[in-house]
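Shown below: start.cif, with mmCIF, C-alpha atoms and all ligand atoms.
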data_query
#
loop_
_atom_site.group_PDB
_atom_site.id
_atom_site.type_symbol
_atom_site.label_atom_id
_atom_site.label_comp_id
_atom_site.auth_asym_id
_atom_site.auth_seq_id
_atom_site.Cartn_x
_atom_site.Cartn_y
_atom_site.Cartn_z
ATOM 1 C CA MET A 1 -4.914 8.502 15.613
ATOM 2 C CA LYS A 2 -6.007 4.911 15.841
ATOM 3 C CA LEU A 3 -8.352 3.240 13.382
ATOM 4 C CA GLU A 4 -10.113 0.056 14.395
ATOM 5 C CA ILE A 5 -12.051 -1.988 11.884
ATOM 6 C CA LYS A 6 -14.020 -4.557 13.809
ATOM 7 C CA ASN A 7 -15.686 -7.592 12.250
ATOM 8 C CA ILE A 8 -17.027 -5.806 9.223
ATOM 9 C CA THR A 9 -19.405 -7.735 6.994
ATOM 10 C CA LYS A 10 -21.205 -6.196 4.043
ATOM 11 C CA ASN A 11 -23.857 -7.997 2.057
ATOM 12 C CA PHE A 12 -25.390 -6.735 -1.173
ATOM 13 C CA ASN A 13 -28.606 -8.707 -1.714
ATOM 14 C CA ASN A 14 -27.203 -12.223 -1.547
ATOM 15 C CA LYS A 15 -23.597 -11.292 -2.370
ATOM 16 C CA THR A 16 -21.140 -10.934 0.520
ATOM 17 C CA ALA A 17 -18.617 -8.291 -0.549
ATOM 18 C CA VAL A 18 -16.749 -8.117 2.777
ATOM 19 C CA HIS A 19 -16.747 -10.915 5.308
ATOM 20 C CA ASN A 20 -15.880 -10.495 9.009
ATOM 21 C CA PHE A 21 -12.944 -8.210 8.276
ATOM 22 C CA SER A 22 -10.916 -6.754 11.150
ATOM 23 C CA MET A 23 -7.748 -4.722 11.250
ATOM 24 C CA GLU A 24 -6.156 -1.762 13.019
ATOM 25 C CA VAL A 25 -4.167 1.145 11.682
ATOM 26 C CA GLN A 26 -1.905 3.108 14.018
ATOM 27 C CA ALA A 27 -0.849 6.739 13.653
ATOM 28 C CA GLY A 28 1.947 7.253 11.156
ATOM 29 C CA GLU A 29 1.438 3.985 9.319
ATOM 30 C CA CYS A 30 1.069 3.645 5.583
ATOM 31 C CA VAL A 31 -0.937 0.521 4.866
ATOM 32 C CA GLY A 32 -1.632 -1.040 1.491
ATOM 33 C CA LEU A 33 -4.922 -2.903 1.131
ATOM 34 C CA ILE A 34 -4.161 -5.264 -1.698
ATOM 35 C CA GLY A 35 -6.436 -7.608 -3.558
ATOM 36 C CA PRO A 36 -7.616 -8.534 -7.034
ATOM 37 C CA ASN A 37 -10.633 -6.907 -8.675
ATOM 38 C CA GLY A 38 -13.825 -7.761 -6.862
ATOM 39 C CA ALA A 39 -12.021 -8.624 -3.605
ATOM 40 C CA GLY A 40 -14.014 -6.043 -1.628
ATOM 41 C CA LYS A 41 -11.491 -3.201 -1.372
ATOM 42 C CA SER A 42 -13.779 -0.376 -2.490
ATOM 43 C CA THR A 43 -16.618 -1.652 -0.334
ATOM 44 C CA LEU A 44 -14.384 -1.762 2.741
ATOM 45 C CA ILE A 45 -12.905 1.669 2.028
ATOM 46 C CA LYS A 46 -16.373 3.186 1.616
ATOM 47 C CA ILE A 47 -17.365 1.687 4.960
ATOM 48 C CA ILE A 48 -14.248 3.108 6.625
ATOM 49 C CA SER A 49 -15.032 6.516 5.099
ATOM 50 C CA ASP A 50 -18.653 6.241 6.274
ATOM 51 C CA ILE A 51 -19.979 6.491 2.706
ATOM 52 C CA ILE A 52 -21.909 3.230 3.113
ATOM 53 C CA HIS A 53 -22.858 1.282 6.227
ATOM 54 C CA PRO A 54 -21.785 -2.261 7.071
ATOM 55 C CA SER A 55 -24.316 -5.072 7.463
ATOM 56 C CA SER A 56 -22.569 -5.865 10.738
ATOM 57 C CA GLY A 57 -19.450 -4.793 12.614
ATOM 58 C CA ALA A 58 -18.212 -1.261 13.221
ATOM 59 C CA VAL A 59 -15.366 1.146 12.513
ATOM 60 C CA PHE A 60 -13.847 3.253 15.292
ATOM 61 C CA LEU A 61 -11.462 6.172 15.171
ATOM 62 C CA ASN A 62 -9.764 7.007 18.438
ATOM 63 C CA GLY A 63 -12.333 4.769 20.108
ATOM 64 C CA LYS A 64 -15.326 6.686 18.724
ATOM 65 C CA LYS A 65 -17.764 5.535 16.063
ATOM 66 C CA ILE A 66 -16.647 6.632 12.621
ATOM 67 C CA THR A 67 -19.905 8.513 11.947
ATOM 68 C CA ASP A 68 -18.917 10.992 14.665
ATOM 69 C CA MET A 69 -15.323 11.252 13.455
ATOM 70 C CA LYS A 70 -15.825 11.976 9.763
ATOM 71 C CA LYS A 71 -13.831 15.201 10.026
ATOM 72 C CA GLU A 72 -10.731 13.150 10.822
ATOM 73 C CA ILE A 73 -10.921 11.191 7.572
ATOM 74 C CA GLY A 74 -10.045 12.250 4.047
ATOM 75 C CA TYR A 75 -11.419 10.031 1.284
ATOM 76 C CA LEU A 76 -10.209 9.734 -2.284
ATOM 77 C CA PRO A 77 -12.708 7.662 -4.291
ATOM 78 C CA GLN A 78 -11.592 5.197 -6.960
ATOM 79 C CA TYR A 79 -13.238 7.379 -9.603
ATOM 80 C CA PRO A 80 -13.236 10.974 -8.321
ATOM 81 C CA ASN A 81 -15.863 13.130 -10.005
ATOM 82 C CA PHE A 82 -15.123 16.729 -10.833
ATOM 83 C CA PHE A 83 -16.975 19.353 -12.783
ATOM 84 C CA PRO A 84 -14.876 19.745 -15.941
ATOM 85 C CA TRP A 85 -15.691 23.439 -16.311
ATOM 86 C CA MET A 86 -14.356 24.380 -12.886
ATOM 87 C CA THR A 87 -10.738 25.371 -12.311
ATOM 88 C CA ALA A 88 -8.601 23.535 -9.771
ATOM 89 C CA PHE A 89 -9.027 26.426 -7.328
ATOM 90 C CA GLU A 90 -12.797 26.624 -7.846
ATOM 91 C CA THR A 91 -13.107 22.863 -7.394
ATOM 92 C CA LEU A 92 -11.426 22.948 -4.000
ATOM 93 C CA MET A 93 -13.377 26.053 -2.987
ATOM 94 C CA PHE A 94 -16.642 24.359 -3.945
ATOM 95 C CA MET A 95 -15.811 21.060 -2.236
ATOM 96 C CA GLY A 96 -14.556 22.861 0.862
ATOM 97 C CA GLU A 97 -17.704 24.951 1.232
ATOM 98 C CA LEU A 98 -19.792 21.849 0.638
ATOM 99 C CA SER A 99 -18.074 20.176 3.569
ATOM 100 C CA GLY A 100 -18.830 23.196 5.768
ATOM 101 C CA MET A 101 -15.478 24.972 5.778
ATOM 102 C CA LYS A 102 -15.341 28.760 5.996
ATOM 103 C CA LYS A 103 -14.478 30.771 2.874
ATOM 104 C CA GLU A 104 -11.705 32.661 4.645
ATOM 105 C CA ALA A 105 -10.038 29.486 5.865
ATOM 106 C CA LEU A 106 -10.332 27.962 2.413
ATOM 107 C CA LYS A 107 -8.716 30.966 0.734
ATOM 108 C CA LYS A 108 -5.706 30.471 2.981
ATOM 109 C CA GLU A 109 -5.597 26.702 2.837
ATOM 110 C CA ILE A 110 -6.195 26.019 -0.861
ATOM 111 C CA PRO A 111 -3.042 27.702 -2.250
ATOM 112 C CA LEU A 112 -0.925 25.747 0.261
ATOM 113 C CA LEU A 113 -2.581 22.504 -0.798
ATOM 114 C CA LEU A 114 -2.238 23.220 -4.500
ATOM 115 C CA THR A 115 1.467 23.750 -3.905
ATOM 116 C CA LYS A 116 1.643 20.542 -1.920
ATOM 117 C CA VAL A 117 0.170 18.458 -4.755
ATOM 118 C CA GLY A 118 2.152 20.278 -7.441
ATOM 119 C CA LEU A 119 -0.800 22.088 -9.040
ATOM 120 C CA LYS A 120 0.121 25.640 -8.091
ATOM 121 C CA GLU A 121 0.804 26.631 -11.694
ATOM 122 C CA ASP A 122 -2.441 25.019 -12.824
ATOM 123 C CA ARG A 123 -4.667 26.599 -10.211
ATOM 124 C CA ASN A 124 -6.666 28.519 -12.816
ATOM 125 C CA ALA A 125 -6.741 25.796 -15.460
ATOM 126 C CA ARG A 126 -10.013 23.977 -15.973
ATOM 127 C CA VAL A 127 -10.205 20.382 -14.797
ATOM 128 C CA ARG A 128 -11.322 19.458 -18.334
ATOM 129 C CA THR A 129 -7.716 20.018 -19.467
ATOM 130 C CA PHE A 130 -6.136 17.911 -16.686
ATOM 131 C CA SER A 131 -4.269 14.640 -17.203
ATOM 132 C CA GLY A 132 -5.217 11.578 -15.149
ATOM 133 C CA GLY A 133 -2.350 12.232 -12.755
ATOM 134 C CA MET A 134 -3.367 15.863 -12.287
ATOM 135 C CA LYS A 135 -6.986 14.883 -11.556
ATOM 136 C CA GLN A 136 -5.807 12.338 -9.042
ATOM 137 C CA ARG A 137 -3.586 14.940 -7.366
ATOM 138 C CA LEU A 138 -6.535 17.330 -7.239
ATOM 139 C CA GLY A 139 -8.514 14.517 -5.618
ATOM 140 C CA ILE A 140 -5.779 14.128 -3.016
ATOM 141 C CA ALA A 141 -5.855 17.876 -2.347
ATOM 142 C CA GLN A 142 -9.612 17.654 -1.867
ATOM 143 C CA ALA A 143 -9.238 14.750 0.542
ATOM 144 C CA LEU A 144 -6.677 16.748 2.553
ATOM 145 C CA LEU A 145 -8.678 19.980 2.577
ATOM 146 C CA HIS A 146 -10.077 19.622 6.089
ATOM 147 C CA LYS A 147 -6.714 18.427 7.465
ATOM 148 C CA PRO A 148 -7.723 14.884 8.334
ATOM 149 C CA SER A 149 -5.447 12.728 10.469
ATOM 150 C CA LEU A 150 -6.141 9.734 8.216
ATOM 151 C CA ILE A 151 -6.386 9.690 4.435
ATOM 152 C CA VAL A 152 -8.006 6.739 2.708
ATOM 153 C CA MET A 153 -7.340 6.354 -1.007
ATOM 154 C CA ASP A 154 -9.042 3.852 -3.287
ATOM 155 C CA GLU A 155 -6.703 2.749 -6.071
ATOM 156 C CA PRO A 156 -5.004 6.150 -6.340
ATOM 157 C CA VAL A 157 -2.525 5.098 -9.015
ATOM 158 C CA SER A 158 -3.977 1.997 -10.691
ATOM 159 C CA SER A 159 -5.437 3.761 -13.707
ATOM 160 C CA LEU A 160 -2.531 6.089 -14.399
ATOM 161 C CA ASP A 161 0.163 5.978 -17.051
ATOM 162 C CA PRO A 162 3.766 5.672 -15.805
ATOM 163 C CA ILE A 163 4.303 9.439 -15.621
ATOM 164 C CA GLY A 164 1.037 10.108 -13.803
ATOM 165 C CA ARG A 165 1.766 7.197 -11.508
ATOM 166 C CA ARG A 166 5.170 8.588 -10.581
ATOM 167 C CA GLU A 167 3.688 12.076 -9.962
ATOM 168 C CA VAL A 168 1.045 10.697 -7.624
ATOM 169 C CA ILE A 169 3.448 8.351 -5.823
ATOM 170 C CA ASN A 170 5.769 11.293 -5.149
ATOM 171 C CA ILE A 171 2.878 13.268 -3.654
ATOM 172 C CA ILE A 172 1.843 10.315 -1.496
ATOM 173 C CA GLN A 173 5.434 9.923 -0.290
ATOM 174 C CA ALA A 174 5.355 13.580 0.748
ATOM 175 C CA ILE A 175 2.013 13.468 2.595
ATOM 176 C CA LYS A 176 3.056 10.232 4.290
ATOM 177 C CA LYS A 177 5.327 12.302 6.506
ATOM 178 C CA ASP A 178 2.450 13.912 8.374
ATOM 179 C CA THR A 179 -0.684 11.889 7.591
ATOM 180 C CA THR A 180 -1.601 8.277 8.267
ATOM 181 C CA ILE A 181 -2.437 6.522 5.012
ATOM 182 C CA LEU A 182 -4.582 3.580 3.998
ATOM 183 C CA LEU A 183 -4.652 2.926 0.282
ATOM 184 C CA SER A 184 -5.976 0.144 -1.878
ATOM 185 C CA THR A 185 -4.578 -1.316 -5.046
ATOM 186 C CA HIS A 186 -4.788 -4.463 -7.133
ATOM 187 C CA ILE A 187 -1.189 -3.945 -8.244
ATOM 188 C CA LEU A 188 1.290 -5.134 -5.669
ATOM 189 C CA ASN A 189 4.076 -3.053 -7.179
ATOM 190 C CA ASP A 190 2.188 0.140 -6.391
ATOM 191 C CA ALA A 191 1.903 -0.743 -2.723
ATOM 192 C CA GLU A 192 5.483 -1.932 -2.649
ATOM 193 C CA ASP A 193 6.671 1.521 -3.682
ATOM 194 C CA ILE A 194 4.666 3.330 -1.017
ATOM 195 C CA CYS A 195 3.667 1.159 1.945
ATOM 196 C CA GLU A 196 5.523 -0.769 4.619
ATOM 197 C CA ARG A 197 2.591 -2.901 5.646
ATOM 198 C CA PHE A 198 0.420 -5.017 3.374
ATOM 199 C CA VAL A 199 -3.047 -6.284 4.142
ATOM 200 C CA ILE A 200 -4.160 -8.749 1.518
ATOM 201 C CA ILE A 201 -7.875 -9.241 0.873
ATOM 202 C CA LYS A 202 -9.455 -11.971 -1.214
ATOM 203 C CA ASP A 203 -13.163 -12.746 -1.589
ATOM 204 C CA GLY A 204 -13.939 -10.160 1.099
ATOM 205 C CA GLN A 205 -11.665 -11.767 3.678
ATOM 206 C CA LYS A 206 -8.325 -10.810 5.112
ATOM 207 C CA ILE A 207 -5.751 -13.426 4.204
ATOM 208 C CA GLU A 208 -2.526 -11.629 5.187
ATOM 209 C CA ASP A 209 -1.494 -8.693 7.345
ATOM 210 C CA THR A 210 2.217 -8.311 7.324
ATOM 211 C CA LYS A 211 5.320 -6.240 6.757
ATOM 212 C CA LYS A 212 7.174 -6.583 3.504
ATOM 213 C CA GLU A 213 10.187 -8.387 5.011
ATOM 214 C CA ALA A 214 7.994 -10.782 6.973
ATOM 215 C CA LEU A 215 6.021 -11.635 3.844
ATOM 216 C CA LEU A 216 9.206 -12.327 1.927
ATOM 217 C CA ASN A 217 10.630 -14.406 4.759
ATOM 218 C CA LYS A 218 7.439 -16.355 5.259
ATOM 219 C CA HIS A 219 7.442 -17.377 1.632
ATOM 220 C CA SER A 220 11.151 -17.886 1.493
ATOM 221 C CA ARG A 221 12.413 -20.929 -0.297
ATOM 222 C CA ASN A 222 14.930 -21.396 2.534
ATOM 223 C CA SER A 223 17.789 -21.366 0.129
ATOM 224 C CA ILE A 224 20.765 -19.198 -0.580
ATOM 225 C CA LEU A 225 22.356 -18.443 -3.891
ATOM 226 C CA MET A 226 26.047 -17.705 -3.901
ATOM 227 C CA GLU A 227 28.543 -16.895 -6.527
ATOM 228 C CA ILE A 228 32.079 -17.840 -5.499
ATOM 229 C CA THR A 229 35.378 -18.175 -7.338
ATOM 230 C CA SER A 230 36.257 -21.641 -8.679
ATOM 231 C CA ALA A 231 39.239 -21.825 -6.308
ATOM 232 C CA SER A 232 36.754 -21.673 -3.416
ATOM 233 C CA LEU A 233 34.487 -24.464 -4.624
ATOM 234 C CA SER A 234 36.070 -27.044 -2.323
ATOM 235 C CA TRP A 235 34.256 -25.274 0.552
ATOM 236 C CA LEU A 236 31.127 -27.031 -0.682
ATOM 237 C CA GLU A 237 32.272 -30.290 0.924
ATOM 238 C CA ILE A 238 32.414 -28.532 4.294
ATOM 239 C CA VAL A 239 28.976 -27.013 3.674
ATOM 240 C CA LYS A 240 27.450 -30.420 2.974
ATOM 241 C CA GLY A 241 28.637 -31.562 6.408
ATOM 242 C CA LEU A 242 26.932 -28.703 8.320
ATOM 243 C CA ASP A 243 23.978 -29.986 10.308
ATOM 244 C CA TYR A 244 21.611 -27.192 9.219
ATOM 245 C CA VAL A 245 22.326 -27.683 5.526
ATOM 246 C CA LYS A 246 19.872 -29.862 3.679
ATOM 247 C CA GLY A 247 21.565 -29.765 0.334
ATOM 248 C CA ALA A 248 24.211 -27.953 -1.644
ATOM 249 C CA GLU A 249 25.066 -28.007 -5.305
ATOM 250 C CA ALA A 250 27.159 -25.999 -7.691
ATOM 251 C CA VAL A 251 26.499 -25.173 -11.303
ATOM 252 C CA GLY A 252 29.730 -23.626 -12.508
ATOM 253 C CA THR A 253 30.589 -21.118 -9.791
ATOM 254 C CA THR A 254 26.956 -20.580 -8.773
ATOM 255 C CA VAL A 255 26.199 -22.403 -5.555
ATOM 256 C CA LYS A 256 22.729 -23.160 -4.285
ATOM 257 C CA ILE A 257 22.469 -24.117 -0.638
ATOM 258 C CA GLU A 258 19.269 -25.228 1.020
ATOM 259 C CA VAL A 259 19.042 -24.718 4.780
ATOM 260 C CA ASP A 260 16.610 -25.512 7.604
ATOM 261 C CA ASN A 261 15.761 -21.953 8.560
ATOM 262 C CA ILE A 262 16.892 -19.120 6.382
ATOM 263 C CA LEU A 263 16.591 -16.449 9.084
ATOM 264 C CA VAL A 264 18.893 -18.235 11.507
ATOM 265 C CA ASN A 265 21.122 -20.097 9.086
ATOM 266 C CA LYS A 266 22.060 -17.463 6.539
ATOM 267 C CA ASN A 267 24.510 -15.713 8.838
ATOM 268 C CA MET A 268 25.920 -19.029 10.053
ATOM 269 C CA LEU A 269 26.596 -19.969 6.473
ATOM 270 C CA LEU A 270 28.210 -16.631 5.789
ATOM 271 C CA ALA A 271 30.397 -17.087 8.857
ATOM 272 C CA SER A 272 31.505 -20.504 7.620
ATOM 273 C CA ALA A 273 32.385 -19.002 4.229
ATOM 274 C CA LEU A 274 34.489 -16.286 5.851
ATOM 275 C CA GLU A 275 36.152 -18.769 8.176
ATOM 276 C CA ASN A 276 37.199 -20.863 5.204
ATOM 277 C CA ASN A 277 38.445 -17.864 3.215
ATOM 278 C CA VAL A 278 35.830 -18.347 0.502
ATOM 279 C CA ASP A 279 36.035 -15.644 -2.120
ATOM 280 C CA ILE A 280 32.416 -14.441 -2.334
ATOM 281 C CA LEU A 281 31.244 -12.629 -5.458
ATOM 282 C CA LYS A 282 27.548 -12.703 -4.590
ATOM 283 C CA PHE A 283 25.421 -13.805 -1.637
ATOM 284 C CA GLU A 284 21.644 -13.635 -1.778
ATOM 285 C CA VAL A 285 18.567 -15.198 -0.247
ATOM 286 C CA ASP A 286 16.600 -16.969 -2.940
ATOM 287 C CA ASN A 287 13.137 -15.589 -2.243
ATOM 288 C CA ASP A 288 9.974 -15.544 -4.239
ATOM 289 C CA THR A 289 9.376 -12.016 -5.466
ATOM 290 C CA LEU A 290 6.469 -10.137 -3.897
ATOM 291 C CA GLU A 291 4.607 -10.486 -7.167
ATOM 292 C CA GLU A 292 5.001 -14.281 -7.081
ATOM 293 C CA ILE A 293 3.851 -14.409 -3.454
ATOM 294 C CA PHE A 294 0.824 -12.235 -4.192
ATOM 295 C CA LEU A 295 -0.210 -14.415 -7.124
ATOM 296 C CA LYS A 296 0.171 -17.566 -5.027
ATOM 297 C CA LEU A 297 -2.028 -16.040 -2.301
ATOM 298 C CA VAL A 298 -4.860 -14.611 -4.348
ATOM 299 C CA VAL A 299 -5.226 -16.755 -7.475
HETATM 300 P P1 LIG B 1 -12.806 -4.194 -5.380
HETATM 301 O O1 LIG B 1 -12.841 -2.757 -5.067
HETATM 302 O O2 LIG B 1 -11.823 -4.973 -4.571
HETATM 303 O O3 LIG B 1 -12.623 -4.458 -6.838
HETATM 304 P P2 LIG B 1 -15.603 -4.110 -4.624
HETATM 305 O O4 LIG B 1 -15.616 -3.741 -3.194
HETATM 306 O O5 LIG B 1 -15.887 -3.033 -5.611
HETATM 307 O O6 LIG B 1 -14.216 -4.835 -4.982
HETATM 308 O O7 LIG B 1 -16.638 -5.271 -4.870
HETATM 309 C C1 LIG B 1 -16.650 -6.469 -4.094
HETATM 310 C C2 LIG B 1 -17.799 -7.345 -4.539
HETATM 311 O O8 LIG B 1 -19.017 -6.749 -4.158
HETATM 312 C C3 LIG B 1 -17.861 -7.544 -6.043
HETATM 313 O O9 LIG B 1 -18.284 -8.860 -6.294
HETATM 314 C C4 LIG B 1 -18.902 -6.553 -6.474
HETATM 315 O O10 LIG B 1 -19.553 -6.995 -7.643
HETATM 316 C C5 LIG B 1 -19.842 -6.521 -5.282
HETATM 317 N N1 LIG B 1 -20.493 -5.212 -5.126
HETATM 318 C C6 LIG B 1 -19.870 -4.056 -4.849
HETATM 319 N N2 LIG B 1 -20.743 -3.036 -4.747
HETATM 320 C C7 LIG B 1 -21.976 -3.589 -4.963
HETATM 321 C C8 LIG B 1 -23.321 -3.071 -5.001
HETATM 322 N N3 LIG B 1 -23.577 -1.770 -4.762
HETATM 323 N N4 LIG B 1 -24.323 -3.923 -5.247
HETATM 324 C C9 LIG B 1 -24.081 -5.243 -5.471
HETATM 325 N N5 LIG B 1 -22.848 -5.797 -5.467
HETATM 326 C C10 LIG B 1 -21.805 -4.987 -5.211
HETATM 327 MG MG MG B 2 -12.465 -1.101 -6.237
#

Can you give me the file's structure in the form of structure tokens?
Amino acid sequence: MKLEIKNITKNFNNKTAVHNFSMEVQAGECVGLIGPNGAGKSTLIKIISDIIHPSSGAVFLNGKKITDMKKEIGYLPQYPNFFPWMTAFETLMFMGELSGMKKEALKKEIPLLLTKVGLKEDRNARVRTFSGGMKQRLGIAQALLHKPSLIVMDEPVSSLDPIGRREVINIIQAIKKDTTILLSTHILNDAEDICERFVIIKDGQKIEDTKKEALLNKHSRNSILMEITSASLSWLEIVKGLDYVKGAEAVGTTVKIEVDNILVNKNMLLASALENNVDILKFEVDNDTLEEIFLKLVV
């Protein structure tokens, strides 16, 4: 599985929802498409799922145009629509037949899927009685029905309460093991719990494509916070003399040390502390949180 999104632009009348957006997703990845409301996430996801067509650019799966590869993609819309009077089983049967699957295959596949998304006990309950989390899990089952190699989910957890959110995240964690995932969210925390790679979109354009650690490092404040015993505070004079240290100060036994390059210097600093028998109670890189970074990038 390899998904290639190449120079996608989508205009609605005179509004550009997505602008020259490119990215690739490799087999086995779980990618979070993150951006505030109106950033263009749903538009891009619908283009990837071949629900709408781009104004320019193209999407390829395994080198072939997406229109010919629809069977390989499972799509969970932001607002999945079900018939409230149908049961969970009937819903999947109906959707499966609609997408051209054989009844016999469906009868075998649906119970396995309902188990997978934790709805086995509710198979004969009507969707009308389902919680938000249950509906979302049914939507995931529907998206997985034809065994796609890629599942694309539009804000799968954003509208859920904490319990529903946890239920759905657990299911996504489980399907992650054998399906490539692209999901969107406007809540960084959601992506942080599920994905390793973040693609940040703002005003229809890609502004970041990075791994969690790289994002944290890139926005690092290049400083280290340490907690050491008061007997060790004299080490600070040595620290101030190190050529890669830009500044060091202590408030009580909390020491803040600013360095040139956090990636290279943090271990050097730690080595110096050990060499000088500093009694370390705490050693941490003083990073912005992901939430702070996200807000800086998109607001
Ligand atoms: P997101 O999912 O990130 O919230 P959308 O992709 O839904 O963003 O929307 C991106 C922009 O495109 C928004 O400004 C939205 O108003 C506009 N837009 C989306 N769909 C349409 C449409 N069918 N017609 C006109 N404008 C649209
Ligand atoms: Mg949306």

Show me which residues sit within 9 Å of ligand LIG 1 (chain B) when counting only C-alpha atoms and all ligand atoms, and put them as a PyMOL selection string. chain A and resi 10-18+34-46+78+154-155+184-186+201-204

Would you write out those residues with C-alpha atoms, as a CSV table (one decimal), in the frame of the given file?
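Output saved as out_30.csv:
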chain,number,residue,atom,x,y,z
A,10,LYS,CA,-21.2,-6.2,4.0
A,11,ASN,CA,-23.9,-8.0,2.1
A,12,PHE,CA,-25.4,-6.7,-1.2
A,13,ASN,CA,-28.6,-8.7,-1.7
A,14,ASN,CA,-27.2,-12.2,-1.5
A,15,LYS,CA,-23.6,-11.3,-2.4
A,16,THR,CA,-21.1,-10.9,0.5
A,17,ALA,CA,-18.6,-8.3,-0.5
A,18,VAL,CA,-16.7,-8.1,2.8
A,34,ILE,CA,-4.2,-5.3,-1.7
A,35,GLY,CA,-6.4,-7.6,-3.6
A,36,PRO,CA,-7.6,-8.5,-7.0
A,37,ASN,CA,-10.6,-6.9,-8.7
A,38,GLY,CA,-13.8,-7.8,-6.9
A,39,ALA,CA,-12.0,-8.6,-3.6
A,40,GLY,CA,-14.0,-6.0,-1.6
A,41,LYS,CA,-11.5,-3.2,-1.4
A,42,SER,CA,-13.8,-0.4,-2.5
A,43,THR,CA,-16.6,-1.7,-0.3
A,44,LEU,CA,-14.4,-1.8,2.7
A,45,ILE,CA,-12.9,1.7,2.0
A,46,LYS,CA,-16.4,3.2,1.6
A,78,GLN,CA,-11.6,5.2,-7.0
A,154,ASP,CA,-9.0,3.9,-3.3
A,155,GLU,CA,-6.7,2.7,-6.1
A,184,SER,CA,-6.0,0.1,-1.9
A,185,THR,CA,-4.6,-1.3,-5.0
A,186,HIS,CA,-4.8,-4.5,-7.1
A,201,ILE,CA,-7.9,-9.2,0.9
A,202,LYS,CA,-9.5,-12.0,-1.2
A,203,ASP,CA,-13.2,-12.7,-1.6
A,204,GLY,CA,-13.9,-10.2,1.1

Please indicate the distance in Å from CA of Ser158 (chain A) to CA of Ala191 (chain A), rounded to one decimal place.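 Here the two named atoms are 10.3 Å from each other.
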
Target residues per the PyMOL selection byres (((chain A and resi 28) around 10) and not hetatm), formatted as a tab-separated table (two decimals) with C-alpha atoms, in the coordinates of the input:
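So out-v3.tsv came out as:
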chain	number	residue	atom	x	y	z
A	1	MET	CA	-4.91	8.50	15.61
A	2	LYS	CA	-6.01	4.91	15.84
A	25	VAL	CA	-4.17	1.14	11.68
A	26	GLN	CA	-1.90	3.11	14.02
A	27	ALA	CA	-0.85	6.74	13.65
A	29	GLU	CA	1.44	3.98	9.32
A	30	CYS	CA	1.07	3.64	5.58
A	31	VAL	CA	-0.94	0.52	4.87
A	149	SER	CA	-5.45	12.73	10.47
A	150	LEU	CA	-6.14	9.73	8.22
A	176	LYS	CA	3.06	10.23	4.29
A	177	LYS	CA	5.33	12.30	6.51
A	178	ASP	CA	2.45	13.91	8.37
A	179	THR	CA	-0.68	11.89	7.59
A	180	THR	CA	-1.60	8.28	8.27
A	181	ILE	CA	-2.44	6.52	5.01

Which residues come within 6 Å of region 110-121 of chain A, counting all atoms listed in the file, excluding same-chain residues fewer than 4 positions away, as an MDAnalysis selection string? chainID A and resid 106 137 141 171

I'd like the interatomic distance between CA of Arg221 (chain A) and CA of Leu269 (chain A), to a tenth of an Å.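 Atom-to-atom, CA of Arg221 (chain A) and CA of Leu269 (chain A) are spaced 15.7 Å apart.
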